[in-house]
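Q: Contents are mmCIF, N, CA and C atoms and all ligand atoms; file name input29.cif:
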```cif
data_entry
#
loop_
_atom_site.label_atom_id
_atom_site.label_comp_id
_atom_site.auth_asym_id
_atom_site.auth_seq_id
_atom_site.Cartn_x
_atom_site.Cartn_y
_atom_site.Cartn_z
N MET A 1 -33.26 9.37 80.39
CA MET A 1 -32.36 8.27 80.02
C MET A 1 -30.93 8.79 79.87
N SER A 2 -29.96 8.10 80.46
CA SER A 2 -28.57 8.56 80.39
C SER A 2 -27.98 8.24 79.02
N GLY A 3 -26.82 8.85 78.74
CA GLY A 3 -26.13 8.58 77.48
C GLY A 3 -25.81 7.10 77.35
N ALA A 4 -25.36 6.51 78.46
CA ALA A 4 -24.99 5.08 78.43
C ALA A 4 -26.21 4.23 78.09
N ASP A 5 -27.37 4.61 78.66
CA ASP A 5 -28.61 3.86 78.38
C ASP A 5 -28.99 3.95 76.90
N ILE A 6 -28.79 5.15 76.34
CA ILE A 6 -29.14 5.34 74.92
C ILE A 6 -28.26 4.45 74.05
N TYR A 7 -26.96 4.45 74.35
CA TYR A 7 -26.04 3.61 73.57
C TYR A 7 -26.40 2.13 73.73
N HIS A 8 -26.73 1.75 74.97
CA HIS A 8 -27.09 0.35 75.21
C HIS A 8 -28.31 -0.03 74.36
N GLU A 9 -29.28 0.88 74.35
CA GLU A 9 -30.50 0.62 73.58
C GLU A 9 -30.20 0.52 72.08
N MET A 10 -29.29 1.38 71.62
CA MET A 10 -28.91 1.34 70.19
C MET A 10 -28.29 -0.01 69.85
N ILE A 11 -27.43 -0.51 70.74
CA ILE A 11 -26.75 -1.79 70.48
C ILE A 11 -27.77 -2.93 70.43
N VAL A 12 -28.68 -2.92 71.38
CA VAL A 12 -29.71 -3.98 71.41
C VAL A 12 -30.56 -3.90 70.14
N ASP A 13 -30.91 -2.67 69.77
CA ASP A 13 -31.74 -2.47 68.58
C ASP A 13 -31.05 -2.95 67.30
N TYR A 14 -29.80 -2.57 67.13
CA TYR A 14 -29.04 -3.00 65.94
C TYR A 14 -28.88 -4.52 65.92
N SER A 15 -28.73 -5.12 67.11
CA SER A 15 -28.52 -6.57 67.10
C SER A 15 -29.81 -7.31 66.74
N ARG A 16 -30.94 -6.69 67.07
CA ARG A 16 -32.23 -7.32 66.70
C ARG A 16 -32.60 -7.03 65.27
N ASN A 17 -32.30 -5.83 64.83
CA ASN A 17 -32.64 -5.41 63.45
C ASN A 17 -31.40 -4.85 62.77
N PRO A 18 -30.46 -5.72 62.43
CA PRO A 18 -29.22 -5.21 61.84
C PRO A 18 -29.47 -4.50 60.51
N ILE A 19 -28.69 -3.46 60.26
CA ILE A 19 -28.81 -2.70 59.01
C ILE A 19 -27.80 -3.29 58.02
N ASN A 20 -28.17 -3.31 56.75
CA ASN A 20 -27.30 -3.84 55.68
C ASN A 20 -26.98 -5.31 55.89
N TYR A 21 -27.90 -6.04 56.52
CA TYR A 21 -27.67 -7.47 56.73
C TYR A 21 -28.12 -8.23 55.48
N GLY A 22 -27.30 -9.13 54.98
CA GLY A 22 -27.68 -9.94 53.82
C GLY A 22 -26.49 -10.17 52.92
N LYS A 23 -26.77 -10.60 51.70
CA LYS A 23 -25.71 -10.90 50.75
C LYS A 23 -25.91 -10.07 49.49
N ILE A 24 -24.82 -9.83 48.78
CA ILE A 24 -24.91 -9.23 47.44
C ILE A 24 -24.47 -10.31 46.47
N GLU A 25 -25.40 -10.82 45.71
CA GLU A 25 -25.09 -11.97 44.84
C GLU A 25 -24.01 -11.64 43.80
N ASN A 26 -24.12 -10.46 43.17
CA ASN A 26 -23.13 -10.12 42.12
C ASN A 26 -22.06 -9.17 42.67
N HIS A 27 -21.55 -9.51 43.87
CA HIS A 27 -20.55 -8.64 44.51
C HIS A 27 -19.25 -8.58 43.69
N ASP A 28 -18.51 -7.51 43.90
CA ASP A 28 -17.19 -7.40 43.27
C ASP A 28 -16.11 -7.96 44.18
N VAL A 29 -16.38 -7.98 45.48
CA VAL A 29 -15.43 -8.59 46.41
C VAL A 29 -16.19 -9.06 47.65
N THR A 30 -15.69 -10.14 48.22
CA THR A 30 -16.28 -10.65 49.46
C THR A 30 -15.13 -11.12 50.34
N PHE A 31 -15.34 -11.05 51.65
CA PHE A 31 -14.30 -11.55 52.56
C PHE A 31 -14.97 -12.09 53.81
N HIS A 32 -14.33 -13.10 54.37
CA HIS A 32 -14.87 -13.76 55.56
C HIS A 32 -13.78 -13.82 56.62
N ASP A 33 -14.18 -13.61 57.88
CA ASP A 33 -13.23 -13.87 58.97
C ASP A 33 -14.05 -14.18 60.22
N SER A 34 -13.36 -14.77 61.21
CA SER A 34 -14.07 -15.12 62.43
C SER A 34 -13.25 -14.72 63.64
N ASN A 35 -13.94 -14.70 64.76
CA ASN A 35 -13.29 -14.38 66.03
C ASN A 35 -12.92 -15.70 66.70
N PRO A 36 -11.64 -16.03 66.76
CA PRO A 36 -11.25 -17.34 67.27
C PRO A 36 -11.67 -17.57 68.73
N LEU A 37 -11.89 -16.49 69.46
CA LEU A 37 -12.25 -16.63 70.88
C LEU A 37 -13.65 -17.20 71.07
N CYS A 38 -14.58 -16.84 70.17
CA CYS A 38 -15.97 -17.27 70.37
C CYS A 38 -16.51 -18.04 69.17
N GLY A 39 -15.81 -17.97 68.04
CA GLY A 39 -16.27 -18.69 66.85
C GLY A 39 -17.25 -17.90 66.01
N ASP A 40 -17.64 -16.72 66.46
CA ASP A 40 -18.55 -15.92 65.65
C ASP A 40 -17.87 -15.50 64.36
N SER A 41 -18.66 -15.35 63.30
CA SER A 41 -18.02 -15.06 62.02
C SER A 41 -18.85 -14.08 61.20
N ILE A 42 -18.15 -13.30 60.40
CA ILE A 42 -18.78 -12.26 59.58
C ILE A 42 -18.24 -12.34 58.15
N ASP A 43 -19.15 -12.20 57.19
CA ASP A 43 -18.79 -12.03 55.78
C ASP A 43 -19.23 -10.64 55.36
N ILE A 44 -18.42 -9.99 54.56
CA ILE A 44 -18.83 -8.71 53.97
C ILE A 44 -18.75 -8.83 52.45
N ASP A 45 -19.83 -8.44 51.78
CA ASP A 45 -19.87 -8.38 50.31
C ASP A 45 -19.93 -6.91 49.90
N MET A 46 -19.20 -6.56 48.85
CA MET A 46 -19.25 -5.18 48.38
C MET A 46 -19.39 -5.11 46.86
N LYS A 47 -20.12 -4.09 46.45
CA LYS A 47 -20.23 -3.76 45.04
C LYS A 47 -19.41 -2.48 44.88
N ILE A 48 -18.49 -2.50 43.93
CA ILE A 48 -17.61 -1.34 43.75
C ILE A 48 -17.70 -0.85 42.31
N ASP A 49 -18.05 0.43 42.16
CA ASP A 49 -18.12 1.03 40.83
C ASP A 49 -17.32 2.32 40.84
N ASP A 50 -16.46 2.49 39.83
CA ASP A 50 -15.62 3.69 39.74
C ASP A 50 -14.91 3.98 41.06
N ASP A 51 -14.31 2.95 41.64
CA ASP A 51 -13.56 3.11 42.90
C ASP A 51 -14.42 3.60 44.06
N LYS A 52 -15.71 3.36 43.99
CA LYS A 52 -16.62 3.78 45.06
C LYS A 52 -17.41 2.57 45.56
N VAL A 53 -17.60 2.48 46.87
CA VAL A 53 -18.38 1.37 47.43
C VAL A 53 -19.85 1.73 47.27
N THR A 54 -20.48 1.19 46.23
CA THR A 54 -21.86 1.58 45.95
C THR A 54 -22.86 0.73 46.75
N ASP A 55 -22.44 -0.46 47.16
CA ASP A 55 -23.31 -1.26 48.03
C ASP A 55 -22.45 -2.14 48.93
N ILE A 56 -22.93 -2.38 50.12
CA ILE A 56 -22.19 -3.23 51.07
C ILE A 56 -23.20 -3.93 51.97
N LYS A 57 -23.00 -5.22 52.18
CA LYS A 57 -23.86 -5.98 53.09
C LYS A 57 -22.99 -6.93 53.88
N PHE A 58 -23.47 -7.29 55.08
CA PHE A 58 -22.74 -8.28 55.87
C PHE A 58 -23.70 -9.38 56.28
N HIS A 59 -23.16 -10.57 56.53
CA HIS A 59 -23.96 -11.63 57.12
C HIS A 59 -23.06 -12.51 57.97
N GLY A 60 -23.69 -13.32 58.77
CA GLY A 60 -22.93 -14.16 59.69
C GLY A 60 -23.56 -14.10 61.06
N LYS A 61 -22.80 -14.52 62.06
CA LYS A 61 -23.36 -14.46 63.41
C LYS A 61 -22.36 -13.84 64.36
N GLY A 62 -22.92 -13.18 65.36
CA GLY A 62 -22.06 -12.52 66.32
C GLY A 62 -22.88 -12.05 67.50
N CYS A 63 -22.20 -11.59 68.54
CA CYS A 63 -22.90 -11.07 69.72
C CYS A 63 -23.52 -9.71 69.37
N ALA A 64 -24.23 -9.14 70.32
CA ALA A 64 -24.92 -7.86 70.08
C ALA A 64 -23.93 -6.78 69.67
N ILE A 65 -22.78 -6.72 70.32
CA ILE A 65 -21.79 -5.68 70.00
C ILE A 65 -21.28 -5.87 68.57
N CYS A 66 -21.00 -7.13 68.22
CA CYS A 66 -20.50 -7.44 66.88
C CYS A 66 -21.52 -7.04 65.81
N MET A 67 -22.79 -7.36 66.05
CA MET A 67 -23.83 -7.04 65.06
C MET A 67 -24.04 -5.53 64.95
N ALA A 68 -24.03 -4.86 66.11
CA ALA A 68 -24.24 -3.41 66.10
C ALA A 68 -23.09 -2.72 65.38
N CYS A 69 -21.86 -3.13 65.66
CA CYS A 69 -20.71 -2.49 65.02
C CYS A 69 -20.69 -2.79 63.52
N SER A 70 -21.13 -3.98 63.12
CA SER A 70 -21.17 -4.31 61.69
C SER A 70 -22.20 -3.43 60.99
N SER A 71 -23.34 -3.19 61.64
CA SER A 71 -24.36 -2.31 61.06
C SER A 71 -23.82 -0.91 60.88
N VAL A 72 -23.21 -0.38 61.95
CA VAL A 72 -22.68 0.99 61.91
C VAL A 72 -21.58 1.09 60.86
N LEU A 73 -20.68 0.12 60.85
CA LEU A 73 -19.57 0.17 59.90
C LEU A 73 -20.06 0.17 58.45
N THR A 74 -21.03 -0.68 58.14
CA THR A 74 -21.51 -0.75 56.76
C THR A 74 -22.22 0.57 56.38
N GLU A 75 -22.89 1.19 57.34
CA GLU A 75 -23.52 2.49 57.07
C GLU A 75 -22.47 3.55 56.78
N ILE A 76 -21.39 3.54 57.58
CA ILE A 76 -20.32 4.52 57.40
C ILE A 76 -19.65 4.33 56.03
N THR A 77 -19.49 3.07 55.63
CA THR A 77 -18.70 2.75 54.42
C THR A 77 -19.46 3.02 53.13
N LYS A 78 -20.78 2.78 53.16
CA LYS A 78 -21.57 2.88 51.92
C LYS A 78 -21.42 4.26 51.28
N GLY A 79 -21.06 4.28 50.00
CA GLY A 79 -20.95 5.54 49.27
C GLY A 79 -19.56 6.16 49.31
N LYS A 80 -18.69 5.60 50.16
CA LYS A 80 -17.34 6.16 50.24
C LYS A 80 -16.45 5.66 49.09
N SER A 81 -15.43 6.46 48.77
CA SER A 81 -14.43 5.99 47.81
C SER A 81 -13.58 4.93 48.52
N ILE A 82 -12.90 4.11 47.74
CA ILE A 82 -12.05 3.10 48.35
C ILE A 82 -11.00 3.76 49.24
N GLU A 83 -10.45 4.86 48.76
CA GLU A 83 -9.41 5.54 49.55
C GLU A 83 -9.97 5.99 50.90
N ASP A 84 -11.17 6.56 50.90
CA ASP A 84 -11.75 7.02 52.17
C ASP A 84 -12.14 5.85 53.05
N ALA A 85 -12.62 4.76 52.44
CA ALA A 85 -12.98 3.57 53.24
C ALA A 85 -11.74 2.99 53.92
N ARG A 86 -10.61 3.07 53.24
CA ARG A 86 -9.36 2.57 53.83
C ARG A 86 -8.97 3.36 55.06
N LYS A 87 -9.45 4.61 55.13
CA LYS A 87 -9.05 5.47 56.26
C LYS A 87 -9.97 5.31 57.47
N ILE A 88 -11.01 4.51 57.36
CA ILE A 88 -11.92 4.35 58.50
C ILE A 88 -11.13 3.71 59.65
N GLU A 89 -11.26 4.32 60.83
CA GLU A 89 -10.50 3.82 61.98
C GLU A 89 -11.45 3.25 63.02
N LYS A 90 -10.86 2.53 63.96
CA LYS A 90 -11.71 1.85 64.95
C LYS A 90 -12.60 2.83 65.72
N ASN A 91 -12.09 4.02 66.04
CA ASN A 91 -12.91 4.94 66.82
C ASN A 91 -14.06 5.54 66.03
N ASP A 92 -13.97 5.49 64.69
CA ASP A 92 -15.11 5.95 63.88
C ASP A 92 -16.31 5.05 64.14
N VAL A 93 -16.05 3.76 64.37
CA VAL A 93 -17.13 2.80 64.63
C VAL A 93 -17.49 2.82 66.12
N LEU A 94 -16.47 2.69 66.96
CA LEU A 94 -16.72 2.60 68.41
C LEU A 94 -17.43 3.86 68.92
N GLY A 95 -17.02 5.03 68.38
CA GLY A 95 -17.59 6.30 68.84
C GLY A 95 -19.08 6.41 68.59
N GLU A 96 -19.56 5.81 67.51
CA GLU A 96 -20.99 5.87 67.16
C GLU A 96 -21.85 5.17 68.21
N LEU A 97 -21.24 4.23 68.94
CA LEU A 97 -22.01 3.42 69.89
C LEU A 97 -21.51 3.60 71.33
N GLY A 98 -20.68 4.62 71.55
CA GLY A 98 -20.18 4.88 72.90
C GLY A 98 -19.31 3.76 73.44
N LEU A 99 -18.57 3.10 72.54
CA LEU A 99 -17.79 1.92 72.97
C LEU A 99 -16.27 2.21 73.00
N GLU A 100 -15.90 3.49 73.07
CA GLU A 100 -14.46 3.82 73.00
C GLU A 100 -13.66 3.16 74.13
N HIS A 101 -14.33 2.91 75.26
CA HIS A 101 -13.57 2.37 76.39
C HIS A 101 -13.94 0.91 76.68
N LEU A 102 -14.24 0.21 75.64
CA LEU A 102 -14.62 -1.19 75.76
C LEU A 102 -13.48 -2.02 76.35
N GLN A 103 -13.83 -3.02 77.18
CA GLN A 103 -12.77 -3.88 77.74
C GLN A 103 -12.07 -4.64 76.62
N ALA A 104 -10.82 -4.95 76.87
CA ALA A 104 -10.00 -5.62 75.85
C ALA A 104 -10.67 -6.90 75.36
N VAL A 105 -11.35 -7.61 76.25
CA VAL A 105 -11.94 -8.89 75.88
C VAL A 105 -13.08 -8.74 74.86
N ARG A 106 -13.75 -7.58 74.86
CA ARG A 106 -14.86 -7.36 73.92
C ARG A 106 -14.44 -6.61 72.66
N ILE A 107 -13.21 -6.10 72.66
CA ILE A 107 -12.81 -5.24 71.54
C ILE A 107 -12.79 -6.03 70.23
N LYS A 108 -12.47 -7.31 70.31
CA LYS A 108 -12.44 -8.12 69.08
C LYS A 108 -13.85 -8.31 68.52
N CYS A 109 -14.86 -8.34 69.41
CA CYS A 109 -16.25 -8.41 68.95
C CYS A 109 -16.57 -7.15 68.14
N ALA A 110 -16.14 -6.01 68.69
CA ALA A 110 -16.49 -4.72 68.08
C ALA A 110 -15.75 -4.51 66.76
N LEU A 111 -14.54 -5.06 66.65
CA LEU A 111 -13.72 -4.73 65.49
C LEU A 111 -13.64 -5.82 64.44
N LEU A 112 -14.33 -6.92 64.67
CA LEU A 112 -14.28 -8.02 63.68
C LEU A 112 -14.69 -7.53 62.29
N SER A 113 -15.80 -6.78 62.22
CA SER A 113 -16.27 -6.37 60.90
C SER A 113 -15.30 -5.37 60.25
N LEU A 114 -14.64 -4.53 61.05
CA LEU A 114 -13.67 -3.59 60.48
C LEU A 114 -12.49 -4.36 59.88
N LYS A 115 -12.09 -5.41 60.60
CA LYS A 115 -11.00 -6.25 60.09
C LYS A 115 -11.41 -6.89 58.76
N VAL A 116 -12.66 -7.37 58.70
CA VAL A 116 -13.15 -8.01 57.46
C VAL A 116 -13.24 -6.97 56.34
N LEU A 117 -13.75 -5.78 56.66
CA LEU A 117 -13.85 -4.72 55.65
C LEU A 117 -12.48 -4.40 55.06
N LYS A 118 -11.50 -4.17 55.94
CA LYS A 118 -10.16 -3.79 55.44
C LYS A 118 -9.58 -4.92 54.59
N SER A 119 -9.76 -6.15 55.03
CA SER A 119 -9.23 -7.28 54.26
C SER A 119 -9.93 -7.36 52.91
N ALA A 120 -11.23 -7.08 52.87
CA ALA A 120 -11.97 -7.10 51.61
C ALA A 120 -11.45 -6.00 50.67
N LEU A 121 -11.20 -4.82 51.22
CA LEU A 121 -10.68 -3.73 50.39
C LEU A 121 -9.30 -4.07 49.84
N TYR A 122 -8.45 -4.65 50.68
CA TYR A 122 -7.11 -5.00 50.21
C TYR A 122 -7.18 -6.12 49.17
N THR A 123 -8.11 -7.04 49.36
CA THR A 123 -8.29 -8.10 48.38
C THR A 123 -8.69 -7.50 47.03
N TYR A 124 -9.65 -6.59 47.08
CA TYR A 124 -10.12 -5.96 45.85
C TYR A 124 -8.98 -5.21 45.16
N LEU A 125 -8.27 -4.40 45.95
CA LEU A 125 -7.17 -3.62 45.38
C LEU A 125 -6.08 -4.53 44.84
N GLY A 126 -5.76 -5.56 45.60
CA GLY A 126 -4.73 -6.52 45.17
C GLY A 126 -5.09 -7.17 43.85
N ASN A 127 -6.37 -7.51 43.69
CA ASN A 127 -6.83 -8.17 42.46
C ASN A 127 -6.84 -7.22 41.27
N ASN A 128 -6.92 -5.93 41.57
CA ASN A 128 -7.06 -4.96 40.49
C ASN A 128 -5.81 -4.10 40.30
N MET A 129 -4.72 -4.57 40.81
CA MET A 129 -3.47 -3.82 40.72
C MET A 129 -2.47 -4.53 39.85
N ASP A 130 -1.73 -3.78 39.07
CA ASP A 130 -0.74 -4.42 38.21
C ASP A 130 0.63 -4.46 38.88
N GLU A 131 0.91 -3.42 39.66
CA GLU A 131 2.27 -3.28 40.20
C GLU A 131 2.50 -4.18 41.42
N ALA A 132 3.49 -5.07 41.33
CA ALA A 132 3.82 -5.95 42.45
C ALA A 132 4.24 -5.13 43.67
N GLN A 133 4.88 -3.99 43.40
CA GLN A 133 5.35 -3.11 44.48
C GLN A 133 4.16 -2.61 45.32
N ASP A 134 3.10 -2.17 44.63
CA ASP A 134 1.91 -1.67 45.33
C ASP A 134 1.26 -2.78 46.13
N ARG A 135 1.29 -3.99 45.58
CA ARG A 135 0.69 -5.12 46.27
C ARG A 135 1.42 -5.40 47.59
N ASP A 136 2.74 -5.31 47.54
CA ASP A 136 3.53 -5.53 48.75
C ASP A 136 3.21 -4.49 49.81
N LYS A 137 3.02 -3.25 49.35
CA LYS A 137 2.69 -2.17 50.28
C LYS A 137 1.35 -2.45 50.97
N LEU A 138 0.40 -2.97 50.19
CA LEU A 138 -0.91 -3.31 50.74
C LEU A 138 -0.83 -4.42 51.76
N LYS A 139 -0.04 -5.43 51.44
CA LYS A 139 0.12 -6.56 52.37
C LYS A 139 0.67 -6.07 53.70
N GLU A 140 1.62 -5.13 53.61
CA GLU A 140 2.22 -4.59 54.83
C GLU A 140 1.17 -3.82 55.63
N GLU A 141 0.36 -3.01 54.91
CA GLU A 141 -0.69 -2.23 55.57
C GLU A 141 -1.68 -3.18 56.25
N ALA A 142 -2.03 -4.27 55.56
CA ALA A 142 -3.00 -5.22 56.11
C ALA A 142 -2.44 -5.90 57.36
N SER A 143 -1.17 -6.22 57.35
CA SER A 143 -0.63 -6.95 58.51
C SER A 143 -0.44 -6.02 59.71
N ASN A 144 -0.47 -4.70 59.46
CA ASN A 144 -0.31 -3.77 60.60
C ASN A 144 -1.65 -3.28 61.16
N LEU A 145 -2.75 -3.90 60.72
CA LEU A 145 -4.07 -3.43 61.14
C LEU A 145 -4.29 -3.46 62.64
N TYR A 146 -4.03 -4.60 63.25
CA TYR A 146 -4.26 -4.73 64.70
C TYR A 146 -3.07 -5.38 65.36
FE1 LIG B 1 -18.35 -13.48 69.46
FE2 LIG B 1 -18.66 -11.12 70.36
S1 LIG B 1 -18.88 -12.95 71.49
S2 LIG B 1 -18.08 -11.64 68.38
#
```
Rewrite the coordinates I just gave you, this time as C-alpha cells.
A:
Amino acid sequence: MSGADIYHEMIVDYSRNPINYGKIENHDVTFHDSNPLCGDSIDIDMKIDDDKVTDIKFHGKGCAICMACSSVLTEITKGKSIEDARKIEKNDVLGELGLEHLQAVRIKCALLSLKVLKSALYTYLGNNMDEAQDRDKLKEEASNLY
C-alpha cells in the first residue's frame, strides 16, 4: 500500500469513527463556526483547568476531510497548555493526514476545526482577561488567522 493510500484510508476511517466526537456538558468554553461554501458546521467544547486543555470534543457535520482533521486536531490539542494550543499551525494538522498540498477548494474543509479551536481559545482568554490591551492584541491575532 502506498503512502497516499494509507492517508486515504486514515481519512475514511476517521470520518466513519471520529475521535473525540461529542459534547462536554460542563464545558468552560464552546465555539461554533461553519464553512459558508458547503454549510458544514463544527462546534468545539473544551474543559480548561489550570490553563490546560484537559478535555476537548467536537460535534457537527462535515465531509470526510473535515471530520478527519477535527479528530486529529482534538487529539493534538488534548492535554496542551493554552499557550501551546495557540501555537498549533495548519501543517501540524494537515501533515498528520498527508494533506499539505490540498487544493485550495478543500483547504477550508481541512481547517474549519482549527479556526473554531483558535476562536474558542481566544474567547476563553478574552473572558478571563482583565486588561483591555491584552484583549485587543487577541482580537488582532484572531483576525490574522487566515
Ligand atoms: Fe463541507 Fe468539506 S465539504 S467541510
Q: Quick one: everything within 6.5 Å of segment 41-47 of chain A, counting only N, CA and C atoms, minus sequence neighbours fewer than 4 positions away in the same chain. Send it as number ranges by chain.
A: A: 23-24, 26-35, 52-62, 116-117
Q: To check your reading of the model: which residues sit at most 6.5 Å from ligand LIG 1 (chain B) when counting all atoms listed in the file? Write the answer as a PyMOL selection string.
A: chain A and resi 35+37-41+61-66+106+108-110
Q: Enumerate, as a PyMOL selection string, the complete set of residues in chain A that a backbone-based DSSP assignment places in strand (DSSP E).
A: chain A and resi 29-34+41-49+52-61
Q: When you count only N, CA and C atoms, which of these residues is closest to Ser71 of chain A: A:Lys118, A:Asp134, A:Leu102, A:Pro18?
A: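 Of all the options, A:Pro18 lies closest to Ser71 of chain A.
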Q: Between atom CA of Gly98 of chain A and atom CA of Ile76 of chain A, what is the spacing in Å?
A: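 So the two atoms, atom CA of Ile76 of chain A and atom CA of Gly98 of chain A, lie 15.5 Å apart.
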Q: So which bits of segment 3-82 of chain A end up alpha helix (DSSP H) when you DSSP the backbone, as a ChimeraX atom specification?
A: /A:3-16,64-77,82
Q: Please, what distance in Å, to one decimal, runs between atom N of Glu89 of chain A and atom C of Cys69 of chain A?
A: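 One can read the atom N of Glu89 of chain A to atom C of Cys69 of chain A distance as 12.1 Å.
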Q: Could you check the closest approach to Ile107 of chain A for each of A:Ser119, A:Leu125, A:Asn91, A:Lys139 and tell me which residue wins, using only C-alpha atoms?
A: A:Asn91
Q: Taking into account all atoms listed in the file, which residue in the set A:Val105, A:Val72, A:Leu121, A:Ile19 is nearest to Arg86 of chain A?
A: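 Counting all atoms listed in the file, the residue closest to Arg86 of chain A is A:Leu121.
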Q: I'd like to know which of A:Ile11, A:Asp51, A:Leu111, A:Gln103 is closest to Glu83 of chain A, using all atoms listed in the file.
A: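 The answer is A:Asp51, which sits nearest to Glu83 of chain A.
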Q: Just how far from atom C of Gly79 of chain A is atom N of Tyr122 of chain A, in Å to one decimal?
A: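 Those two atoms sit 15.6 Å apart.
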Q: Taking only C-alpha atoms into account, which of A:Ile48, A:Leu112, A:Ala104, A:Leu99 comes nearest Ile82 of chain A?
A: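 Using only C-alpha atoms, Ile82 of chain A sits closest to A:Ile48.
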Q: So, with all atoms listed in the file as the atoms that count, which of A:Met67, A:Leu138, A:Met10, A:Leu114 lies closest to Leu97 of chain A?
A: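 Once distances to Leu97 of chain A are computed over all atoms listed in the file, the minimum belongs to A:Met10.
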Q: Just want the 7 Å neighbourhood of Arg135 of chain A, counted on only N, CA and C atoms, with same-chain residues fewer than 5 positions away dropped. Output as a PyMOL selection string.
A: chain A and resi 125-126+129-130+140
Q: For segment 82-95 of chain A of the block above, can you save N, CA and C atoms as a PDB file, in the first residue's frame?
A:
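Final output, saved to part-v7.pdb:
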```pdb
ATOM      1  N   ILE A  82      -2.795  26.243  27.224  1.00  0.00           N
ATOM      2  CA  ILE A  82      -3.439  27.180  26.306  1.00  0.00           C
ATOM      3  C   ILE A  82      -2.392  27.819  25.393  1.00  0.00           C
ATOM      4  N   GLU A  83      -1.250  28.161  25.969  1.00  0.00           N
ATOM      5  CA  GLU A  83      -0.202  28.804  25.159  1.00  0.00           C
ATOM      6  C   GLU A  83       0.244  27.880  24.034  1.00  0.00           C
ATOM      7  N   ASP A  84       0.450  26.598  24.337  1.00  0.00           N
ATOM      8  CA  ASP A  84       0.893  25.663  23.294  1.00  0.00           C
ATOM      9  C   ASP A  84      -0.215  25.408  22.280  1.00  0.00           C
ATOM     10  N   ALA A  85      -1.467  25.358  22.746  1.00  0.00           N
ATOM     11  CA  ALA A  85      -2.584  25.149  21.810  1.00  0.00           C
ATOM     12  C   ALA A  85      -2.699  26.326  20.837  1.00  0.00           C
ATOM     13  N   ARG A  86      -2.393  27.514  21.327  1.00  0.00           N
ATOM     14  CA  ARG A  86      -2.435  28.696  20.452  1.00  0.00           C
ATOM     15  C   ARG A  86      -1.409  28.603  19.340  1.00  0.00           C
ATOM     16  N   LYS A  87      -0.349  27.826  19.593  1.00  0.00           N
ATOM     17  CA  LYS A  87       0.739  27.747  18.594  1.00  0.00           C
ATOM     18  C   LYS A  87       0.493  26.662  17.548  1.00  0.00           C
ATOM     19  N   ILE A  88      -0.580  25.898  17.675  1.00  0.00           N
ATOM     20  CA  ILE A  88      -0.839  24.842  16.688  1.00  0.00           C
ATOM     21  C   ILE A  88      -1.061  25.505  15.330  1.00  0.00           C
ATOM     22  N   GLU A  89      -0.367  24.983  14.323  1.00  0.00           N
ATOM     23  CA  GLU A  89      -0.466  25.579  12.988  1.00  0.00           C
ATOM     24  C   GLU A  89      -1.133  24.608  12.034  1.00  0.00           C
ATOM     25  N   LYS A  90      -1.530  25.147  10.890  1.00  0.00           N
ATOM     26  CA  LYS A  90      -2.274  24.310   9.943  1.00  0.00           C
ATOM     27  C   LYS A  90      -1.496  23.059   9.531  1.00  0.00           C
ATOM     28  N   ASN A  91      -0.172  23.174   9.358  1.00  0.00           N
ATOM     29  CA  ASN A  91       0.571  21.997   8.909  1.00  0.00           C
ATOM     30  C   ASN A  91       0.706  20.928   9.982  1.00  0.00           C
ATOM     31  N   ASP A  92       0.504  21.308  11.255  1.00  0.00           N
ATOM     32  CA  ASP A  92       0.505  20.292  12.317  1.00  0.00           C
ATOM     33  C   ASP A  92      -0.656  19.323  12.089  1.00  0.00           C
ATOM     34  N   VAL A  93      -1.777  19.849  11.590  1.00  0.00           N
ATOM     35  CA  VAL A  93      -2.958  19.016  11.330  1.00  0.00           C
ATOM     36  C   VAL A  93      -2.836  18.356   9.954  1.00  0.00           C
ATOM     37  N   LEU A  94      -2.561  19.170   8.943  1.00  0.00           N
ATOM     38  CA  LEU A  94      -2.519  18.650   7.568  1.00  0.00           C
ATOM     39  C   LEU A  94      -1.457  17.560   7.428  1.00  0.00           C
ATOM     40  N   GLY A  95      -0.300  17.762   8.107  1.00  0.00           N
ATOM     41  CA  GLY A  95       0.810  16.812   7.987  1.00  0.00           C
ATOM     42  C   GLY A  95       0.452  15.427   8.501  1.00  0.00           C
TER      43      GLY A  95
END
```
